[in-house]
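Colleague: Can you keep this structure in mind? I'll have questions shortly.
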Amino acid sequence: MPTMLQADWRNSFARPNSTSVPIQWTGLSLAQELNAMLHLGQSYDHRHWELFQLAAIATQANMAPTFEDLLALEHVRGFAPLPHQIETAKRVVRELRGRAILADEVGLGKTIEAGLILKEYLLRGLVKKALILVPASLVLQWTKELNDKFRINAIPQRNEWTWEQEDIVVGSLDTAKRPPHRDIVLRQSWDIVIIDEAHKLKNQKTKNWQMANQIPNKYLLLLTATPMQNQLKELHTLVTLLKPGHLGSANQFSVQYVADKRTAKDPDKLRETIADIMIRNRRQDGGTRLPKRHVQVVDLDLSAEERSFYEEVQQFLRDEYQARLSMHASMLPLLTLQREICSSSYAALISLEKMLKKTSHPIRQERLQKLIEMGTAIPEYTKIRKVLELVDEFDDKCIIFTEYRATQDFIMYMLKKRGISAVPFRGGFKRGKKDWMTELFSRKVRVLVATESGGEGINLQFCHYMINYDLPWNPMRLEQRIGRIHRLGQSEECHVFNLATRDTIEQHIVQILYEKVRMFESVIGTLDDIVSDTRLDAWEKRVFEATMTSSSHEELATKLRALDPRDMSVRKGR
Amino acid sequence: MNPLTNGHPLRTSDERLAFCDRYFAAVGADVICKRPMYREFVLPIDVDKELTDRPFYWMWVEKTNQTVEPTTLRLAFDQEAKLREDEHLAQLHQQSLAEAQPLSGLDILFRKPKQTELVDLGSFRLDKILESARRRGQTVCVTPYSEHPHTQLIPWLMTNGLTRYVTDSVSETWWSIGVCLLNLQIVESFYNKIAHLEMTGTSPQIIVGQAKHSLLEAADAVTTYLSRLVEQGDLAWAEEARLRLADDLAQLDAYYRSIEADYPPEERDLLQREHVKKRQALIEKSTPRVEMEVAQIALIGLPLRTHT
């Protein structure tokens, strides 16, 4: 430390500085304290000197010596943050300046990163009041984790007063946006706002987005594994929350960056611009040391009965579509039926029965009746047979995902009939029931049958097998499903089986999935092999076969023309 | 653990143990057990109030004139010590249960072995201890211990504190400034020059009695000196922060200008308010500023020879 011992220091400051910074005096008031020392007559002894020295140490101990080194690392308890989590927290503080999308793939510990950043700002005295908005079912889990791992005194939101009375509140966006909470939340001057599952803010017109946009904040973290699900525009919407104008206005953005809905015009430029505001760690980047995951598509052929039922339903859907088009009626039931028929005949049957109950048109009634008869006459379902086969093969715990309640009930029923223990899991379950089901699954039961909405926020690392009974139309949901087992803490390789029936819509879905995944990759980086790479291999092989087996140019051309990427699929079970 | 050599103290468990030993001795707590990396302290009431967070308990104690048993803190300074001592306490518990035959059902249900607590960085207890030390060590009036009282002492005002350079992040430096009350000379890092001395308490009146300048003059000199130090120091960080803020504001303004046309006139008011709010938040977050925190004040009488 430099020593300065000057008689006339006042004149030694010759060079005036061009920048001036406002100085604010805090802590003890010199005049007051000195006055008190002189006049209150306190006597001092050597113990006061000892305490004075200790106080000096205490002050220095709590100091933040640099702008960017993470103090939080010394304050976590019971675990060691992983290198990518530390790096992310550092970058957010140092480069992104506390406003960021944390877009790690599912299972890489976005919660830990957010906790580190929050703790860092708390330790630095830059944040007093913090708002953490998470899905209602995760409020307690977040609160517990912040308290246990980071010793952050987070309080779960209980009533309308919590927002105001507590400094660090964990609540749900759904509650926060409703009166009377809304106004109270908007009135607080939050230093930091953290929003988990931020992909729910992808539409600027929704109440969710508008609420998020109104909440006062200085620092803002948006957590999502899927910053963009369907369209590039969604990315713009999220970024606008963090840094309005960073990607221009919505119009400027679409002119500058969007080629079509799903394809970026200039992926490199977009990626660069986004790097200032988003951090995405991927499993394959290493350092995270997750065991391998094997994703395979299990292609299935429908039985003759199933096939004719499927085709009849398709025909019915097409006719209905035309009819509804002319009547401007809602297409939603058809869409549902279309998706259900992909999931299971059983699910479709329930919808058909509902339709039958509603209709009063005799011809329509007759047709529906016939369809239902066809469906119920199916002696055996191909998919469930495959599932039972697979479950037998695994000889281990297994999670089965489906999008539909009806399919879930059906799977549960079939498993029980087979004598295989199983528990259901749904988004609608209360937290306690979810925990209980998870507990049962981890200790006693072999199979967990979960619906889509039940997927968020549950960790099932003790399970290594997953069957996707149907494929979600959105690839990111598939990623979230897989992330339930393939995440930090998983010690063994994971096996994921995606069931897809040949020559049905499901194959088209896989095709569309593909395109979406590419869009996602073009901006954010590659996704894991959600749609397995064997498809590409198969394509190359077919082209190779065609060239080898053709005796003339014409024949080759015909064969190549006949090749359709939608037919490219590996044989089941690899 | 030496504050003279370590700018960021208490990073190791040894330092924390030594600190706590000194602290509890200084506040008059009894040590009833001392094993490697482990201590048991019995707290005097005033210390108890500062280190345990239970204001309602104390209110009740005082209102009802209770005499309560003093709190014993069982502090482990590393994981190994914690495991060892917890096991030891569990054994003691078993013994006492065995001796207390016959046991009532209540005993079995509610008597639990005592637990130690781990004192590490960020633990509740250490935070409380540091807070208590900071509060108790704010002011002091001392002179070096000597068998022959000095006839003439040079009076000094020492202030210690933190400079916080704040933008969207913060960086802090600790300083200690001494001002001679005879001639308003300023000495930097004053504390480091005297920290090794064995001190004894003295009365502020005696120190001030030797002064030629008033305490207010000296205080003024400190604040002026520190302000100048900031102004003359490296302000690149502030310049950078200011440019960044200007950039951010320009981007924000451009954004709101560009979307204004998309809104019907009756909604523009709302939009403008949103714009103003976001501007305000940005300014609040990123404007560079300096906070000077005065943490400690000392009056010190130094004999001529120790003053170098």
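For the structure tokens, the naming scheme is as follows: chains receive sequential letters (A, B, ...) according to their order of presentation, residues are indexed from 1 within each chain, and ligands are indexed from 1 in presentation order.
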Within 6 Å of chain B, which residues of chain A show up when using only C-alpha atoms, listed as a PDB file with all heavy atoms, in the first residue's frame?
Modeller:
```pdb
ATOM      1  N   THR A   3       2.264   4.816   0.779  1.00  0.00           N
ATOM      2  CA  THR A   3       2.217   5.697   1.949  1.00  0.00           C
ATOM      3  C   THR A   3       2.228   7.137   1.468  1.00  0.00           C
ATOM      4  O   THR A   3       2.874   7.465   0.496  1.00  0.00           O
ATOM      5  CB  THR A   3       3.460   5.488   2.832  1.00  0.00           C
ATOM      6  OG1 THR A   3       3.602   4.102   3.027  1.00  0.00           O
ATOM      7  CG2 THR A   3       3.313   6.194   4.146  1.00  0.00           C
ATOM      8  N   MET A   4       1.527   7.946   2.149  1.00  0.00           N
ATOM      9  CA  MET A   4       1.530   9.345   1.774  1.00  0.00           C
ATOM     10  C   MET A   4       1.659  10.133   3.053  1.00  0.00           C
ATOM     11  O   MET A   4       0.840  10.011   3.958  1.00  0.00           O
ATOM     12  CB  MET A   4       0.211   9.677   1.091  1.00  0.00           C
ATOM     13  CG  MET A   4       0.345  10.812   0.109  1.00  0.00           C
ATOM     14  SD  MET A   4      -1.261  11.151  -0.571  1.00  0.00           S
ATOM     15  CE  MET A   4      -0.836  11.531  -2.220  1.00  0.00           C
ATOM     16  N   LEU A   5       2.658  10.874   3.139  1.00  0.00           N
ATOM     17  CA  LEU A   5       2.880  11.647   4.345  1.00  0.00           C
ATOM     18  C   LEU A   5       3.222  13.041   3.890  1.00  0.00           C
ATOM     19  O   LEU A   5       4.340  13.326   3.505  1.00  0.00           O
ATOM     20  CB  LEU A   5       4.021  11.039   5.167  1.00  0.00           C
ATOM     21  CG  LEU A   5       4.286  11.659   6.523  1.00  0.00           C
ATOM     22  CD1 LEU A   5       3.070  11.554   7.428  1.00  0.00           C
ATOM     23  CD2 LEU A   5       5.481  10.993   7.168  1.00  0.00           C
ATOM     24  N   ALA A   7       2.687  17.320   4.206  1.00  0.00           N
ATOM     25  CA  ALA A   7       2.270  18.449   5.011  1.00  0.00           C
ATOM     26  C   ALA A   7       1.174  19.206   4.280  1.00  0.00           C
ATOM     27  O   ALA A   7       0.200  19.635   4.871  1.00  0.00           O
ATOM     28  CB  ALA A   7       3.444  19.379   5.291  1.00  0.00           C
ATOM     29  N   ASN A  17      -9.698  15.750 -13.020  1.00  0.00           N
ATOM     30  CA  ASN A  17     -10.144  14.626 -13.830  1.00  0.00           C
ATOM     31  C   ASN A  17     -11.360  15.051 -14.653  1.00  0.00           C
ATOM     32  O   ASN A  17     -12.210  15.764 -14.173  1.00  0.00           O
ATOM     33  CB  ASN A  17     -10.536  13.483 -12.894  1.00  0.00           C
ATOM     34  CG  ASN A  17     -10.314  12.141 -13.549  1.00  0.00           C
ATOM     35  OD1 ASN A  17     -10.653  11.971 -14.710  1.00  0.00           O
ATOM     36  ND2 ASN A  17      -9.731  11.224 -12.814  1.00  0.00           N
ATOM     37  N   VAL A  21     -17.559  11.720 -10.582  1.00  0.00           N
ATOM     38  CA  VAL A  21     -18.504  10.725 -10.124  1.00  0.00           C
ATOM     39  C   VAL A  21     -19.112  11.219  -8.828  1.00  0.00           C
ATOM     40  O   VAL A  21     -18.392  11.695  -7.953  1.00  0.00           O
ATOM     41  CB  VAL A  21     -17.776   9.395  -9.850  1.00  0.00           C
ATOM     42  CG1 VAL A  21     -18.762   8.288  -9.632  1.00  0.00           C
ATOM     43  CG2 VAL A  21     -16.849   9.073 -10.984  1.00  0.00           C
ATOM     44  N   PRO A  22     -20.417  11.141  -8.712  1.00  0.00           N
ATOM     45  CA  PRO A  22     -21.025  11.577  -7.456  1.00  0.00           C
ATOM     46  C   PRO A  22     -20.582  10.695  -6.289  1.00  0.00           C
ATOM     47  O   PRO A  22     -20.475   9.484  -6.432  1.00  0.00           O
ATOM     48  CB  PRO A  22     -22.527  11.429  -7.713  1.00  0.00           C
ATOM     49  CG  PRO A  22     -22.649  10.511  -8.886  1.00  0.00           C
ATOM     50  CD  PRO A  22     -21.410  10.682  -9.688  1.00  0.00           C
ATOM     51  N   ILE A  23     -20.275  11.319  -5.174  1.00  0.00           N
ATOM     52  CA  ILE A  23     -19.869  10.573  -3.980  1.00  0.00           C
ATOM     53  C   ILE A  23     -20.962  10.677  -2.930  1.00  0.00           C
ATOM     54  O   ILE A  23     -21.483  11.756  -2.660  1.00  0.00           O
ATOM     55  CB  ILE A  23     -18.552  11.127  -3.401  1.00  0.00           C
ATOM     56  CG1 ILE A  23     -17.441  11.004  -4.432  1.00  0.00           C
ATOM     57  CG2 ILE A  23     -18.184  10.383  -2.122  1.00  0.00           C
ATOM     58  CD1 ILE A  23     -16.124  11.564  -3.968  1.00  0.00           C
ATOM     59  N   GLN A  24     -21.281   9.530  -2.385  1.00  0.00           N
ATOM     60  CA  GLN A  24     -22.328   9.472  -1.385  1.00  0.00           C
ATOM     61  C   GLN A  24     -21.686   8.974  -0.104  1.00  0.00           C
ATOM     62  O   GLN A  24     -20.998   7.955  -0.119  1.00  0.00           O
ATOM     63  CB  GLN A  24     -23.346   8.456  -1.877  1.00  0.00           C
ATOM     64  CG  GLN A  24     -24.744   8.713  -1.451  1.00  0.00           C
ATOM     65  CD  GLN A  24     -25.649   7.609  -1.987  1.00  0.00           C
ATOM     66  OE1 GLN A  24     -25.340   6.937  -2.972  1.00  0.00           O
ATOM     67  NE2 GLN A  24     -26.753   7.409  -1.328  1.00  0.00           N
ATOM     68  N   TRP A  25     -21.903   9.678   1.014  1.00  0.00           N
ATOM     69  CA  TRP A  25     -21.299   9.237   2.277  1.00  0.00           C
ATOM     70  C   TRP A  25     -22.277   8.388   3.060  1.00  0.00           C
ATOM     71  O   TRP A  25     -23.431   8.764   3.248  1.00  0.00           O
ATOM     72  CB  TRP A  25     -20.870  10.461   3.084  1.00  0.00           C
ATOM     73  CG  TRP A  25     -19.703  11.140   2.442  1.00  0.00           C
ATOM     74  CD1 TRP A  25     -19.764  12.066   1.447  1.00  0.00           C
ATOM     75  CD2 TRP A  25     -18.329  10.901   2.700  1.00  0.00           C
ATOM     76  NE1 TRP A  25     -18.491  12.423   1.059  1.00  0.00           N
ATOM     77  CE2 TRP A  25     -17.590  11.732   1.813  1.00  0.00           C
ATOM     78  CE3 TRP A  25     -17.623  10.070   3.583  1.00  0.00           C
ATOM     79  CZ2 TRP A  25     -16.198  11.750   1.793  1.00  0.00           C
ATOM     80  CZ3 TRP A  25     -16.239  10.102   3.569  1.00  0.00           C
ATOM     81  CH2 TRP A  25     -15.541  10.933   2.678  1.00  0.00           C
ATOM     82  N   THR A  26     -21.813   7.230   3.492  1.00  0.00           N
ATOM     83  CA  THR A  26     -22.688   6.358   4.271  1.00  0.00           C
ATOM     84  C   THR A  26     -21.946   5.907   5.523  1.00  0.00           C
ATOM     85  O   THR A  26     -20.818   6.319   5.756  1.00  0.00           O
ATOM     86  CB  THR A  26     -23.079   5.096   3.469  1.00  0.00           C
ATOM     87  OG1 THR A  26     -21.894   4.324   3.238  1.00  0.00           O
ATOM     88  CG2 THR A  26     -23.715   5.447   2.147  1.00  0.00           C
ATOM     89  N   GLY A  27     -22.571   5.053   6.303  1.00  0.00           N
ATOM     90  CA  GLY A  27     -21.923   4.556   7.518  1.00  0.00           C
ATOM     91  C   GLY A  27     -21.990   5.576   8.633  1.00  0.00           C
ATOM     92  O   GLY A  27     -22.958   6.330   8.756  1.00  0.00           O
ATOM     93  N   LEU A  28     -20.946   5.615   9.427  1.00  0.00           N
ATOM     94  CA  LEU A  28     -20.950   6.492  10.604  1.00  0.00           C
ATOM     95  C   LEU A  28     -20.858   7.957  10.197  1.00  0.00           C
ATOM     96  O   LEU A  28     -20.217   8.297   9.216  1.00  0.00           O
ATOM     97  CB  LEU A  28     -19.763   6.155  11.510  1.00  0.00           C
ATOM     98  CG  LEU A  28     -19.656   4.718  11.996  1.00  0.00           C
ATOM     99  CD1 LEU A  28     -18.377   4.546  12.828  1.00  0.00           C
ATOM    100  CD2 LEU A  28     -20.880   4.347  12.828  1.00  0.00           C
ATOM    101  N   LEU A  38     -16.627  12.391  22.838  1.00  0.00           N
ATOM    102  CA  LEU A  38     -16.132  13.429  23.743  1.00  0.00           C
ATOM    103  C   LEU A  38     -17.061  13.623  24.935  1.00  0.00           C
ATOM    104  O   LEU A  38     -16.612  13.852  26.043  1.00  0.00           O
ATOM    105  CB  LEU A  38     -16.007  14.751  22.990  1.00  0.00           C
ATOM    106  CG  LEU A  38     -14.739  14.926  22.172  1.00  0.00           C
ATOM    107  CD1 LEU A  38     -14.738  16.283  21.507  1.00  0.00           C
ATOM    108  CD2 LEU A  38     -13.498  14.778  23.069  1.00  0.00           C
ATOM    109  N   TYR A  44     -12.584   3.618  27.653  1.00  0.00           N
ATOM    110  CA  TYR A  44     -12.088   2.578  26.753  1.00  0.00           C
ATOM    111  C   TYR A  44     -10.980   1.785  27.414  1.00  0.00           C
ATOM    112  O   TYR A  44     -10.215   2.314  28.197  1.00  0.00           O
ATOM    113  CB  TYR A  44     -11.559   3.227  25.469  1.00  0.00           C
ATOM    114  CG  TYR A  44     -12.652   3.869  24.636  1.00  0.00           C
ATOM    115  CD1 TYR A  44     -12.956   5.230  24.774  1.00  0.00           C
ATOM    116  CD2 TYR A  44     -13.372   3.129  23.705  1.00  0.00           C
ATOM    117  CE1 TYR A  44     -13.949   5.825  24.021  1.00  0.00           C
ATOM    118  CE2 TYR A  44     -14.372   3.710  22.943  1.00  0.00           C
ATOM    119  CZ  TYR A  44     -14.651   5.058  23.107  1.00  0.00           C
ATOM    120  OH  TYR A  44     -15.635   5.628  22.349  1.00  0.00           O
ATOM    121  N   ASP A  45     -10.918   0.492  27.121  1.00  0.00           N
ATOM    122  CA  ASP A  45      -9.768  -0.286  27.597  1.00  0.00           C
ATOM    123  C   ASP A  45      -9.215  -1.129  26.459  1.00  0.00           C
ATOM    124  O   ASP A  45      -9.643  -1.005  25.314  1.00  0.00           O
ATOM    125  CB  ASP A  45     -10.157  -1.138  28.814  1.00  0.00           C
ATOM    126  CG  ASP A  45     -11.251  -2.139  28.466  1.00  0.00           C
ATOM    127  OD1 ASP A  45     -11.398  -2.480  27.266  1.00  0.00           O
ATOM    128  OD2 ASP A  45     -11.969  -2.569  29.389  1.00  0.00           O
ATOM    129  N   HIS A  46      -8.277  -2.029  26.781  1.00  0.00           N
ATOM    130  CA  HIS A  46      -7.601  -2.785  25.726  1.00  0.00           C
ATOM    131  C   HIS A  46      -8.556  -3.699  24.980  1.00  0.00           C
ATOM    132  O   HIS A  46      -8.332  -4.054  23.839  1.00  0.00           O
ATOM    133  CB  HIS A  46      -6.460  -3.609  26.336  1.00  0.00           C
ATOM    134  CG  HIS A  46      -6.946  -4.670  27.271  1.00  0.00           C
ATOM    135  ND1 HIS A  46      -7.300  -4.400  28.574  1.00  0.00           N
ATOM    136  CD2 HIS A  46      -7.186  -5.984  27.082  1.00  0.00           C
ATOM    137  CE1 HIS A  46      -7.713  -5.513  29.149  1.00  0.00           C
ATOM    138  NE2 HIS A  46      -7.651  -6.491  28.259  1.00  0.00           N
ATOM    139  N   ARG A  47      -9.675  -4.080  25.652  1.00  0.00           N
ATOM    140  CA  ARG A  47     -10.619  -4.960  24.962  1.00  0.00           C
ATOM    141  C   ARG A  47     -11.325  -4.233  23.815  1.00  0.00           C
ATOM    142  O   ARG A  47     -11.700  -4.828  22.818  1.00  0.00           O
ATOM    143  CB  ARG A  47     -11.646  -5.513  25.950  1.00  0.00           C
ATOM    144  CG  ARG A  47     -11.024  -6.504  26.920  1.00  0.00           C
ATOM    145  CD  ARG A  47     -12.011  -7.543  27.320  1.00  0.00           C
ATOM    146  NE  ARG A  47     -13.210  -6.903  27.902  1.00  0.00           N
ATOM    147  CZ  ARG A  47     -14.079  -7.577  28.644  1.00  0.00           C
ATOM    148  NH1 ARG A  47     -13.902  -8.858  28.884  1.00  0.00           N
ATOM    149  NH2 ARG A  47     -15.133  -6.975  29.141  1.00  0.00           N
ATOM    150  N   LEU A  51     -11.571  -5.389  19.964  1.00  0.00           N
ATOM    151  CA  LEU A  51     -12.799  -5.409  19.166  1.00  0.00           C
ATOM    152  C   LEU A  51     -12.676  -4.520  17.925  1.00  0.00           C
ATOM    153  O   LEU A  51     -13.201  -4.837  16.858  1.00  0.00           O
ATOM    154  CB  LEU A  51     -13.992  -4.973  20.019  1.00  0.00           C
ATOM    155  CG  LEU A  51     -14.525  -6.072  20.946  1.00  0.00           C
ATOM    156  CD1 LEU A  51     -15.462  -5.491  21.998  1.00  0.00           C
ATOM    157  CD2 LEU A  51     -15.237  -7.159  20.133  1.00  0.00           C
ATOM    158  N   PHE A  52     -11.972  -3.412  18.102  1.00  0.00           N
ATOM    159  CA  PHE A  52     -11.746  -2.515  16.975  1.00  0.00           C
ATOM    160  C   PHE A  52     -10.979  -3.255  15.879  1.00  0.00           C
ATOM    161  O   PHE A  52     -11.325  -3.190  14.695  1.00  0.00           O
ATOM    162  CB  PHE A  52     -10.941  -1.287  17.452  1.00  0.00           C
ATOM    163  CG  PHE A  52     -10.839  -0.204  16.418  1.00  0.00           C
ATOM    164  CD1 PHE A  52     -11.782   0.815  16.367  1.00  0.00           C
ATOM    165  CD2 PHE A  52      -9.790  -0.181  15.517  1.00  0.00           C
ATOM    166  CE1 PHE A  52     -11.693   1.827  15.416  1.00  0.00           C
ATOM    167  CE2 PHE A  52      -9.684   0.829  14.572  1.00  0.00           C
ATOM    168  CZ  PHE A  52     -10.639   1.842  14.514  1.00  0.00           C
ATOM    169  N   ALA A  55     -13.231  -5.755  14.269  1.00  0.00           N
ATOM    170  CA  ALA A  55     -14.197  -5.094  13.383  1.00  0.00           C
ATOM    171  C   ALA A  55     -13.551  -4.774  12.039  1.00  0.00           C
ATOM    172  O   ALA A  55     -14.192  -4.883  10.986  1.00  0.00           O
ATOM    173  CB  ALA A  55     -14.733  -3.826  14.031  1.00  0.00           C
ATOM    174  N   ALA A  58     -13.538  -7.903  10.164  1.00  0.00           N
ATOM    175  CA  ALA A  58     -14.892  -8.257   9.734  1.00  0.00           C
ATOM    176  C   ALA A  58     -15.299  -7.453   8.502  1.00  0.00           C
ATOM    177  O   ALA A  58     -15.893  -7.988   7.566  1.00  0.00           O
ATOM    178  CB  ALA A  58     -15.886  -8.032  10.864  1.00  0.00           C
ATOM    179  N   GLN A  60     -13.339  -6.094   6.280  1.00  0.00           N
ATOM    180  CA  GLN A  60     -12.571  -6.543   5.115  1.00  0.00           C
ATOM    181  C   GLN A  60     -13.047  -7.906   4.615  1.00  0.00           C
ATOM    182  O   GLN A  60     -13.019  -8.185   3.425  1.00  0.00           O
ATOM    183  CB  GLN A  60     -11.086  -6.601   5.458  1.00  0.00           C
ATOM    184  CG  GLN A  60     -10.501  -5.227   5.718  1.00  0.00           C
ATOM    185  CD  GLN A  60      -9.058  -5.290   6.189  1.00  0.00           C
ATOM    186  OE1 GLN A  60      -8.331  -6.213   5.872  1.00  0.00           O
ATOM    187  NE2 GLN A  60      -8.660  -4.277   6.944  1.00  0.00           N
ATOM    188  N   ALA A  61     -13.513  -8.739   5.545  1.00  0.00           N
ATOM    189  CA  ALA A  61     -13.939 -10.084   5.160  1.00  0.00           C
ATOM    190  C   ALA A  61     -15.168 -10.049   4.261  1.00  0.00           C
ATOM    191  O   ALA A  61     -15.342 -10.892   3.397  1.00  0.00           O
ATOM    192  CB  ALA A  61     -14.230 -10.919   6.402  1.00  0.00           C
ATOM    193  N   ALA A  64     -16.130  -6.852  -1.363  1.00  0.00           N
ATOM    194  CA  ALA A  64     -16.046  -7.365  -2.731  1.00  0.00           C
ATOM    195  C   ALA A  64     -14.859  -6.681  -3.399  1.00  0.00           C
ATOM    196  O   ALA A  64     -14.976  -5.574  -3.879  1.00  0.00           O
ATOM    197  CB  ALA A  64     -17.329  -7.048  -3.492  1.00  0.00           C
ATOM    198  N   PRO A  65     -13.690  -7.334  -3.392  1.00  0.00           N
ATOM    199  CA  PRO A  65     -12.480  -6.646  -3.844  1.00  0.00           C
ATOM    200  C   PRO A  65     -12.460  -6.321  -5.348  1.00  0.00           C
ATOM    201  O   PRO A  65     -11.759  -5.434  -5.763  1.00  0.00           O
ATOM    202  CB  PRO A  65     -11.348  -7.619  -3.501  1.00  0.00           C
ATOM    203  CG  PRO A  65     -11.947  -8.644  -2.606  1.00  0.00           C
ATOM    204  CD  PRO A  65     -13.396  -8.691  -2.927  1.00  0.00           C
ATOM    205  N   THR A  66     -13.216  -7.071  -6.139  1.00  0.00           N
ATOM    206  CA  THR A  66     -13.222  -6.767  -7.569  1.00  0.00           C
ATOM    207  C   THR A  66     -14.658  -6.701  -8.078  1.00  0.00           C
ATOM    208  O   THR A  66     -15.583  -7.138  -7.418  1.00  0.00           O
ATOM    209  CB  THR A  66     -12.501  -7.850  -8.395  1.00  0.00           C
ATOM    210  OG1 THR A  66     -13.294  -9.045  -8.345  1.00  0.00           O
ATOM    211  CG2 THR A  66     -11.116  -8.138  -7.866  1.00  0.00           C
ATOM    212  N   PHE A  67     -14.801  -6.149  -9.278  1.00  0.00           N
ATOM    213  CA  PHE A  67     -16.131  -6.043  -9.868  1.00  0.00           C
ATOM    214  C   PHE A  67     -16.701  -7.405 -10.216  1.00  0.00           C
ATOM    215  O   PHE A  67     -17.889  -7.583 -10.277  1.00  0.00           O
ATOM    216  CB  PHE A  67     -16.079  -5.201 -11.156  1.00  0.00           C
ATOM    217  CG  PHE A  67     -16.075  -3.725 -10.896  1.00  0.00           C
ATOM    218  CD1 PHE A  67     -14.961  -2.955 -11.193  1.00  0.00           C
ATOM    219  CD2 PHE A  67     -17.199  -3.108 -10.376  1.00  0.00           C
ATOM    220  CE1 PHE A  67     -14.971  -1.585 -10.973  1.00  0.00           C
ATOM    221  CE2 PHE A  67     -17.217  -1.737 -10.153  1.00  0.00           C
ATOM    222  CZ  PHE A  67     -16.095  -0.977 -10.450  1.00  0.00           C
ATOM    223  N   HIS A  75     -19.788 -19.177  -0.486  1.00  0.00           N
ATOM    224  CA  HIS A  75     -20.918 -19.142   0.441  1.00  0.00           C
ATOM    225  C   HIS A  75     -21.931 -20.243   0.207  1.00  0.00           C
ATOM    226  O   HIS A  75     -22.931 -20.319   0.893  1.00  0.00           O
ATOM    227  CB  HIS A  75     -21.619 -17.787   0.343  1.00  0.00           C
ATOM    228  CG  HIS A  75     -20.806 -16.677   0.930  1.00  0.00           C
ATOM    229  ND1 HIS A  75     -21.111 -16.099   2.133  1.00  0.00           N
ATOM    230  CD2 HIS A  75     -19.690 -16.060   0.496  1.00  0.00           C
ATOM    231  CE1 HIS A  75     -20.220 -15.153   2.406  1.00  0.00           C
ATOM    232  NE2 HIS A  75     -19.345 -15.120   1.427  1.00  0.00           N
ATOM    233  N   LYS A 218     -34.222  -4.319 -11.974  1.00  0.00           N
ATOM    234  CA  LYS A 218     -32.930  -3.832 -12.458  1.00  0.00           C
ATOM    235  C   LYS A 218     -32.192  -4.984 -13.099  1.00  0.00           C
ATOM    236  O   LYS A 218     -31.627  -4.861 -14.174  1.00  0.00           O
ATOM    237  CB  LYS A 218     -32.109  -3.277 -11.303  1.00  0.00           C
ATOM    238  CG  LYS A 218     -32.650  -1.971 -10.773  1.00  0.00           C
ATOM    239  CD  LYS A 218     -31.626  -1.295  -9.885  1.00  0.00           C
ATOM    240  CE  LYS A 218     -32.312  -0.698  -8.687  1.00  0.00           C
ATOM    241  NZ  LYS A 218     -31.679  -0.962  -7.420  1.00  0.00           N
ATOM    242  N   PRO A 244     -35.160  -4.234 -24.509  1.00  0.00           N
ATOM    243  CA  PRO A 244     -35.979  -3.810 -25.637  1.00  0.00           C
ATOM    244  C   PRO A 244     -35.088  -3.143 -26.683  1.00  0.00           C
ATOM    245  O   PRO A 244     -34.264  -2.316 -26.339  1.00  0.00           O
ATOM    246  CB  PRO A 244     -36.935  -2.784 -25.018  1.00  0.00           C
ATOM    247  CG  PRO A 244     -36.898  -3.024 -23.557  1.00  0.00           C
ATOM    248  CD  PRO A 244     -35.556  -3.602 -23.253  1.00  0.00           C
ATOM    249  N   GLY A 245     -35.254  -3.567 -27.916  1.00  0.00           N
ATOM    250  CA  GLY A 245     -34.466  -2.952 -28.973  1.00  0.00           C
ATOM    251  C   GLY A 245     -33.202  -3.705 -29.319  1.00  0.00           C
ATOM    252  O   GLY A 245     -32.562  -3.411 -30.329  1.00  0.00           O
TER     253      GLY A 245
END
```
Colleague: Hey, what's within 7 Å of range 81-96 of chain A if we count only C-alpha atoms and toss same-chain stuff fewer than 4 positions away? As an MDAnalysis selection string, please?
Modeller: chainID A and resid 68 70 100 113 116:117 276:277 279 287
Colleague: Excluding same-chain residues fewer than 5 positions from range 161-164 of chain A, what lies within 9 Å of it counting only C-alpha atoms, as number ranges by chain?
Modeller: A: 131, 155-156, 169-171, 181, 184-185, 187-188
Colleague: Please determine, counting only C-alpha atoms, which residue among B:Arg279, B:His213, B:Lys34, B:Lys128 has the shortest atom-to-atom distance to Leu75 in chain B.
Modeller: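 Under the stated criterion, the closest residue is B:Lys34.
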Colleague: So which one's closest to Pro155 in chain B, B:Ser214, B:Thr116, B:Thr64, B:Gln91? Using only C-alpha atoms, please.
Modeller: B:Ser214
Colleague: Excluding same-chain residues fewer than 6 positions from Ile45 in chain B, what lies within 12 Å of it counting only C-alpha atoms, as a list in words?
Modeller: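 Once the nearby chain positions are removed, what remains is Val27, Gly28, Ala29, Leu51, Thr52, Trp58, Val61, Glu62, Thr67, Val68, Glu69, Pro70, Thr71 and Thr72 of chain B.
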Colleague: Would you compute the distance between CA of Asp30 in chain B and CA of Leu17 in chain B? Give it in Å to one decimal.
Modeller: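 Computing it gives 15.3 Å between the two atoms.
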Colleague: Enumerate the residues of range 181-387 of chain A with a DSSP assignment of strand (DSSP E), computed from the backbone, and present them as a PyMOL selection string.
Modeller: chain A and resi 192-195+219-223+258-260+263-264+278-279+293-300
Colleague: So which residues touch Leu317 in chain A within 12 Å, counting only C-alpha atoms, skipping near sequence neighbours fewer than 3 positions away, as a ChimeraX atom specification?
Modeller: /A:310-314,320-325,331-339,341,348,352,367-368,371
